[in-house]
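Engineer: Provided herewith: data-v2.pdb, PDB, C-alpha atoms.
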```
ATOM      1  CA  MET A   1       1.373   5.986  16.098  1.00  0.00           C
ATOM      2  CA  ASN A   2      -2.101   6.076  14.663  1.00  0.00           C
ATOM      3  CA  THR A   3      -3.220   3.710  11.944  1.00  0.00           C
ATOM      4  CA  PRO A   4      -3.298   5.415   8.549  1.00  0.00           C
ATOM      5  CA  PRO A   5      -6.917   5.714   7.397  1.00  0.00           C
ATOM      6  CA  LEU A   6      -8.161   3.139   4.899  1.00  0.00           C
ATOM      7  CA  HIS A   7      -8.085   5.619   2.019  1.00  0.00           C
ATOM      8  CA  ASP A   8      -4.398   6.368   2.667  1.00  0.00           C
ATOM      9  CA  ARG A   9      -3.604   2.657   2.733  1.00  0.00           C
ATOM     10  CA  LEU A  10      -5.555   2.009  -0.459  1.00  0.00           C
ATOM     11  CA  ASN A  11      -3.879   4.938  -2.204  1.00  0.00           C
ATOM     12  CA  ARG A  12      -0.494   3.648  -1.032  1.00  0.00           C
ATOM     13  CA  LEU A  13      -1.317   0.297  -2.681  1.00  0.00           C
ATOM     14  CA  VAL A  14      -2.301   2.044  -5.907  1.00  0.00           C
ATOM     15  CA  SER A  15       1.015   3.927  -5.987  1.00  0.00           C
ATOM     16  CA  PHE A  16       2.934   0.768  -5.140  1.00  0.00           C
ATOM     17  CA  ALA A  17       1.425  -1.726  -7.558  1.00  0.00           C
ATOM     18  CA  HIS A  18       2.676  -0.645 -10.955  1.00  0.00           C
ATOM     19  CA  PRO A  19       5.912  -0.938 -12.892  1.00  0.00           C
ATOM     20  CA  ARG A  20       8.184   2.112 -12.967  1.00  0.00           C
ATOM     21  CA  ASN A  21       7.541   2.764 -16.637  1.00  0.00           C
ATOM     22  CA  GLN A  22       3.741   2.582 -16.337  1.00  0.00           C
ATOM     23  CA  PRO A  23       1.162   4.744 -14.565  1.00  0.00           C
ATOM     24  CA  PRO A  24      -0.861   3.492 -11.595  1.00  0.00           C
ATOM     25  CA  LEU A  25      -4.229   1.891 -12.247  1.00  0.00           C
ATOM     26  CA  THR A  26      -7.105   4.323 -12.663  1.00  0.00           C
ATOM     27  CA  ASN A  27     -10.264   4.055 -10.585  1.00  0.00           C
ATOM     28  CA  ARG A  28     -12.051   2.710 -13.671  1.00  0.00           C
ATOM     29  CA  GLU A  29      -9.387   0.024 -14.181  1.00  0.00           C
ATOM     30  CA  ILE A  30      -9.572  -0.976 -10.512  1.00  0.00           C
ATOM     31  CA  ALA A  31     -13.376  -1.204 -10.701  1.00  0.00           C
ATOM     32  CA  ASP A  32     -13.202  -3.252 -13.912  1.00  0.00           C
ATOM     33  CA  LYS A  33     -10.643  -5.688 -12.468  1.00  0.00           C
ATOM     34  CA  ALA A  34     -12.659  -6.006  -9.244  1.00  0.00           C
ATOM     35  CA  SER A  35     -15.842  -6.640 -11.239  1.00  0.00           C
ATOM     36  CA  THR A  36     -14.135  -9.393 -13.206  1.00  0.00           C
ATOM     37  CA  LEU A  37     -12.671 -11.063 -10.124  1.00  0.00           C
ATOM     38  CA  LEU A  38     -15.941 -10.844  -8.180  1.00  0.00           C
ATOM     39  CA  ASP A  39     -18.026 -11.732 -11.215  1.00  0.00           C
ATOM     40  CA  ALA A  40     -20.286  -8.890 -10.096  1.00  0.00           C
ATOM     41  CA  PRO A  41     -20.339  -5.193 -10.924  1.00  0.00           C
ATOM     42  CA  VAL A  42     -18.152  -2.880  -8.839  1.00  0.00           C
ATOM     43  CA  ASP A  43     -19.024   0.746  -9.471  1.00  0.00           C
ATOM     44  CA  GLU A  44     -16.172   3.132 -10.191  1.00  0.00           C
ATOM     45  CA  ASP A  45     -17.849   5.571  -7.773  1.00  0.00           C
ATOM     46  CA  LEU A  46     -17.260   3.071  -4.959  1.00  0.00           C
ATOM     47  CA  ILE A  47     -13.547   2.985  -5.759  1.00  0.00           C
ATOM     48  CA  VAL A  48     -13.484   6.796  -5.865  1.00  0.00           C
ATOM     49  CA  ALA A  49     -15.273   6.951  -2.497  1.00  0.00           C
ATOM     50  CA  LEU A  50     -12.878   4.448  -0.942  1.00  0.00           C
ATOM     51  CA  ARG A  51      -9.873   6.381  -2.241  1.00  0.00           C
ATOM     52  CA  ASP A  52     -11.138   9.800  -1.098  1.00  0.00           C
ATOM     53  CA  GLY A  53     -12.215   8.531   2.320  1.00  0.00           C
ATOM     54  CA  SER A  54     -15.960   9.067   1.997  1.00  0.00           C
ATOM     55  CA  VAL A  55     -16.422   5.275   2.299  1.00  0.00           C
ATOM     56  CA  THR A  56     -14.386   3.822   5.137  1.00  0.00           C
ATOM     57  CA  VAL A  57     -15.466   0.180   5.314  1.00  0.00           C
ATOM     58  CA  LEU A  58     -14.593  -2.678   2.958  1.00  0.00           C
ATOM     59  CA  THR A  59     -16.575  -5.858   2.599  1.00  0.00           C
ATOM     60  CA  ASP A  60     -14.526  -9.027   3.013  1.00  0.00           C
ATOM     61  CA  ASP A  61     -15.055  -9.890  -0.667  1.00  0.00           C
ATOM     62  CA  LEU A  62     -13.863  -6.517  -1.909  1.00  0.00           C
ATOM     63  CA  ARG A  63     -10.903  -6.561   0.508  1.00  0.00           C
ATOM     64  CA  GLU A  64      -9.825  -9.914  -0.892  1.00  0.00           C
ATOM     65  CA  VAL A  65     -10.238  -8.755  -4.490  1.00  0.00           C
ATOM     66  CA  LEU A  66      -8.295  -5.545  -3.889  1.00  0.00           C
ATOM     67  CA  GLY A  67      -5.570  -7.669  -2.331  1.00  0.00           C
ATOM     68  CA  GLN A  68      -5.451  -9.741  -5.524  1.00  0.00           C
ATOM     69  CA  ILE A  69      -5.389  -6.681  -7.762  1.00  0.00           C
ATOM     70  CA  PHE A  70      -2.494  -5.102  -5.881  1.00  0.00           C
ATOM     71  CA  GLY A  71      -0.568  -8.276  -5.041  1.00  0.00           C
ATOM     72  CA  LEU A  72      -1.214  -7.914  -1.319  1.00  0.00           C
ATOM     73  CA  THR A  73      -0.868 -11.174   0.579  1.00  0.00           C
ATOM     74  CA  ASP A  74      -1.478  -9.762   4.071  1.00  0.00           C
ATOM     75  CA  LEU A  75      -5.090  -8.587   3.936  1.00  0.00           C
ATOM     76  CA  GLY A  76      -4.732  -7.302   7.492  1.00  0.00           C
ATOM     77  CA  TYR A  77      -3.281  -4.167   5.912  1.00  0.00           C
ATOM     78  CA  LEU A  78      -6.799  -3.256   4.733  1.00  0.00           C
ATOM     79  CA  LYS A  79      -8.572  -4.148   8.001  1.00  0.00           C
ATOM     80  CA  THR A  80      -9.227  -2.102  11.106  1.00  0.00           C
ATOM     81  CA  PRO A  81      -6.652  -3.174  13.689  1.00  0.00           C
ATOM     82  CA  ARG A  82      -8.012  -4.796  16.842  1.00  0.00           C
ATOM     83  CA  CYS A  83      -4.847  -4.521  18.911  1.00  0.00           C
ATOM     84  CA  VAL A  84      -1.501  -2.753  19.111  1.00  0.00           C
ATOM     85  CA  ALA A  85       0.313  -5.597  17.336  1.00  0.00           C
ATOM     86  CA  GLU A  86      -2.049  -5.405  14.334  1.00  0.00           C
ATOM     87  CA  ASN A  87      -1.661  -1.613  14.257  1.00  0.00           C
ATOM     88  CA  ASN A  88       2.121  -1.995  14.287  1.00  0.00           C
ATOM     89  CA  GLN A  89       1.961  -4.479  11.394  1.00  0.00           C
ATOM     90  CA  ILE A  90      -0.151  -2.026   9.377  1.00  0.00           C
ATOM     91  CA  LEU A  91       2.300   0.800  10.096  1.00  0.00           C
ATOM     92  CA  LEU A  92       5.244  -1.384   9.097  1.00  0.00           C
ATOM     93  CA  MET A  93       3.540  -2.447   5.855  1.00  0.00           C
ATOM     94  CA  HIS A  94       2.588   1.166   5.096  1.00  0.00           C
ATOM     95  CA  ASP A  95       6.205   2.264   5.463  1.00  0.00           C
ATOM     96  CA  ARG A  96       7.504  -0.768   3.560  1.00  0.00           C
ATOM     97  CA  LEU A  97       5.201  -0.074   0.600  1.00  0.00           C
ATOM     98  CA  ALA A  98       6.368   3.551   0.528  1.00  0.00           C
ATOM     99  CA  LEU A  99      10.006   2.449   0.634  1.00  0.00           C
ATOM    100  CA  ILE A 100       9.596  -0.008  -2.237  1.00  0.00           C
ATOM    101  CA  SER A 101       7.656   2.550  -4.317  1.00  0.00           C
ATOM    102  CA  GLU A 102      10.275   5.230  -3.726  1.00  0.00           C
ATOM    103  CA  ALA A 103      13.098   2.821  -4.559  1.00  0.00           C
ATOM    104  CA  ARG A 104      11.315   1.750  -7.761  1.00  0.00           C
ATOM    105  CA  ASP A 105      10.815   5.368  -8.813  1.00  0.00           C
ATOM    106  CA  LEU A 106      14.530   6.048  -8.251  1.00  0.00           C
ATOM    107  CA  GLY A 107      15.459   3.097 -10.453  1.00  0.00           C
ATOM    108  CA  VAL A 108      16.716   0.843  -7.659  1.00  0.00           C
ATOM    109  CA  GLN A 109      16.781  -2.673  -9.098  1.00  0.00           C
ATOM    110  CA  HIS A 110      16.601  -4.678  -5.864  1.00  0.00           C
ATOM    111  CA  ILE A 111      15.945  -3.969  -2.216  1.00  0.00           C
ATOM    112  CA  ALA A 112      15.611  -6.577   0.524  1.00  0.00           C
ATOM    113  CA  THR A 113      13.219  -5.721   3.355  1.00  0.00           C
ATOM    114  CA  ARG A 114      13.111  -8.997   5.275  1.00  0.00           C
ATOM    115  CA  ASP A 115      15.114  -7.572   8.208  1.00  0.00           C
ATOM    116  CA  VAL A 116      12.578  -4.831   8.914  1.00  0.00           C
ATOM    117  CA  ASP A 117      10.544  -7.239  11.033  1.00  0.00           C
ATOM    118  CA  GLN A 118      13.488  -7.284  13.454  1.00  0.00           C
ATOM    119  CA  ASP A 119      13.988  -3.496  13.318  1.00  0.00           C
ATOM    120  CA  PRO A 120      10.912  -1.575  12.114  1.00  0.00           C
ATOM    121  CA  ASN A 121      12.924   1.671  12.248  1.00  0.00           C
ATOM    122  CA  LEU A 122      15.087   0.279   9.448  1.00  0.00           C
ATOM    123  CA  VAL A 123      12.383   1.173   6.903  1.00  0.00           C
ATOM    124  CA  ARG A 124      12.437   4.810   8.000  1.00  0.00           C
ATOM    125  CA  LYS A 125      16.238   4.833   7.853  1.00  0.00           C
ATOM    126  CA  LEU A 126      16.201   3.361   4.350  1.00  0.00           C
ATOM    127  CA  ARG A 127      13.585   5.881   3.209  1.00  0.00           C
ATOM    128  CA  ALA A 128      15.707   8.707   4.626  1.00  0.00           C
ATOM    129  CA  ALA A 129      18.731   7.338   2.756  1.00  0.00           C
ATOM    130  CA  LEU A 130      16.724   7.197  -0.493  1.00  0.00           C
ATOM    131  CA  GLY A 131      15.511  10.735   0.099  1.00  0.00           C
ATOM    132  CA  ALA A 132      19.084  11.845   0.610  1.00  0.00           C
ATOM    133  CA  MET A 133      20.023  10.280  -2.736  1.00  0.00           C
ATOM    134  CA  VAL A 134      17.497  12.579  -4.395  1.00  0.00           C
ATOM    135  CA  THR A 135      18.350  15.746  -2.510  1.00  0.00           C
ATOM    136  CA  GLY A 136      22.083  15.091  -2.211  1.00  0.00           C
ATOM    137  CA  SER A 137      22.067  15.622   1.557  1.00  0.00           C
ATOM    138  CA  SER A 138      23.057  13.282   4.367  1.00  0.00           C
ATOM    139  CA  PRO A 139      20.268  11.100   5.771  1.00  0.00           C
ATOM    140  CA  LYS A 140      19.088  11.753   9.312  1.00  0.00           C
ATOM    141  CA  THR A 141      19.218   8.606  11.434  1.00  0.00           C
TER
END
```
Please rewrite the model in this file as structure tokens.
Structural biologist:
Amino acid sequence: MNTPPLHDRLNRLVSFAHPRNQPPLTNREIADKASTLLDAPVDEDLIVALRDGSVTVLTDDLREVLGQIFGLTDLGYLKTPRCVAENNQILLMHDRLALISEARDLGVQHIATRDVDQDPNLVRKLRAALGAMVTGSSPKT
């Protein structure tokens, strides 16, 4: 599978990194937090451009700061993969973030994802099961 573009990954982080009862950070809030952490101005237009895909490259400093803002410990998620293994890790993280966001939005209190490293298809199966909870249909496995 192809690596999701940077803007899709960044938008996935934005949707992931907020409590269920609060909205995601706005572009202005992201820029303000990044400016504070970098101790240098980060223009809101840059955040907008990163999120809409018109800017496709992150500096190392901004990558690190965005990781801090969104609680991302594996900054490889925001890098361009150099090999198949790195691409697979990005895909797994992308799916894992979607799973956790979907579970949060459904009110799931706890979900353990540590076994997905052994079976990456487990994330897709869990997402299908969550989707079935919403629609009332049986999940496809």
Engineer: Using the chain letters and numbers from the file, which residues does the PyMOL selection byres ((chain A and resi 16) around 10) grab, as a list in words?
Structural biologist: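 Given this file, the PyMOL selection byres ((chain A and resi 16) around 10) evaluates to Leu10, Asn11, Arg12, Leu13, Val14, Ser15, Ala17, His18, Pro19, Arg20, Pro24, Phe70, Gly71, Arg96, Leu97, Ala98, Leu99, Ile100, Ser101, Glu102, Arg104 and Asp105 of chain A.
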Engineer: Using the chain letters and numbers from this file, what does the PyMOL selection byres ((chain A and resi 44) around 10) select? Give the answer as a list in words.
Structural biologist: Thr26, Asn27, Arg28, Glu29, Ile30, Ala31, Asp32, Ala34, Ser35, Pro41, Val42, Asp43, Asp45, Leu46, Ile47, Val48, Ala49 and Leu50 of chain A
Engineer: To one decimal place in Å, what is the distance between atom CA of Ala103 of chain A and atom CA of Ala132 of chain A?
Structural biologist: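 For atom CA of Ala103 of chain A relative to atom CA of Ala132 of chain A, the distance reads 12.0 Å.
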Engineer: Translate the PyMOL selection byres ((chain A and resi 58) around 12) into a concrete residue list for this structure, as a ChimeraX atom specification.
Structural biologist: /A:6-7,10,46-47,49-51,53-57,59-67,75-80
Engineer: Write the residues you've just listed into a file as a CSV table (one decimal), in the frame of the given file, and include C-alpha atoms for each of them.
Structural biologist:
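Produced file selection-v2.csv, reproduced below:
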```csv
chain,number,residue,atom,x,y,z
A,6,LEU,CA,-8.2,3.1,4.9
A,7,HIS,CA,-8.1,5.6,2.0
A,10,LEU,CA,-5.6,2.0,-0.5
A,46,LEU,CA,-17.3,3.1,-5.0
A,47,ILE,CA,-13.5,3.0,-5.8
A,49,ALA,CA,-15.3,7.0,-2.5
A,50,LEU,CA,-12.9,4.4,-0.9
A,51,ARG,CA,-9.9,6.4,-2.2
A,53,GLY,CA,-12.2,8.5,2.3
A,54,SER,CA,-16.0,9.1,2.0
A,55,VAL,CA,-16.4,5.3,2.3
A,56,THR,CA,-14.4,3.8,5.1
A,57,VAL,CA,-15.5,0.2,5.3
A,59,THR,CA,-16.6,-5.9,2.6
A,60,ASP,CA,-14.5,-9.0,3.0
A,61,ASP,CA,-15.1,-9.9,-0.7
A,62,LEU,CA,-13.9,-6.5,-1.9
A,63,ARG,CA,-10.9,-6.6,0.5
A,64,GLU,CA,-9.8,-9.9,-0.9
A,65,VAL,CA,-10.2,-8.8,-4.5
A,66,LEU,CA,-8.3,-5.5,-3.9
A,67,GLY,CA,-5.6,-7.7,-2.3
A,75,LEU,CA,-5.1,-8.6,3.9
A,76,GLY,CA,-4.7,-7.3,7.5
A,77,TYR,CA,-3.3,-4.2,5.9
A,78,LEU,CA,-6.8,-3.3,4.7
A,79,LYS,CA,-8.6,-4.1,8.0
A,80,THR,CA,-9.2,-2.1,11.1
```
Engineer: What is the atom CA of Ala128 of chain A-atom CA of Val84 of chain A distance in Å, reported with one decimal?
Structural biologist: 25.2 Å
Engineer: State, in Å with one decimal place, the distance from atom CA of Leu92 of chain A to atom CA of Leu25 of chain A.
Structural biologist: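 Interatomic distance here is 23.6 Å.
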Engineer: Using only C-alpha atoms, can you tell me which of A:Asp52, A:Gln68, A:Pro5, A:Pro23 comes closest to Thr36 of chain A?
Structural biologist: A:Gln68
Engineer: Using all atoms listed in the file and a cutoff of 7 Å, can you tell me which residues are near (-1.9, -1.4, 11.4) in the file's coordinates, and write them out as number ranges by chain?
Structural biologist: A: 3, 77, 81, 86-91
Engineer: Ranking A:His94, A:Leu72, A:Ala40, A:Leu106 by minimum distance to Pro4 of chain A and counting only C-alpha atoms, which one comes first?
Structural biologist: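 When distances to Pro4 of chain A are compared using only C-alpha atoms, the smallest one comes from A:His94.
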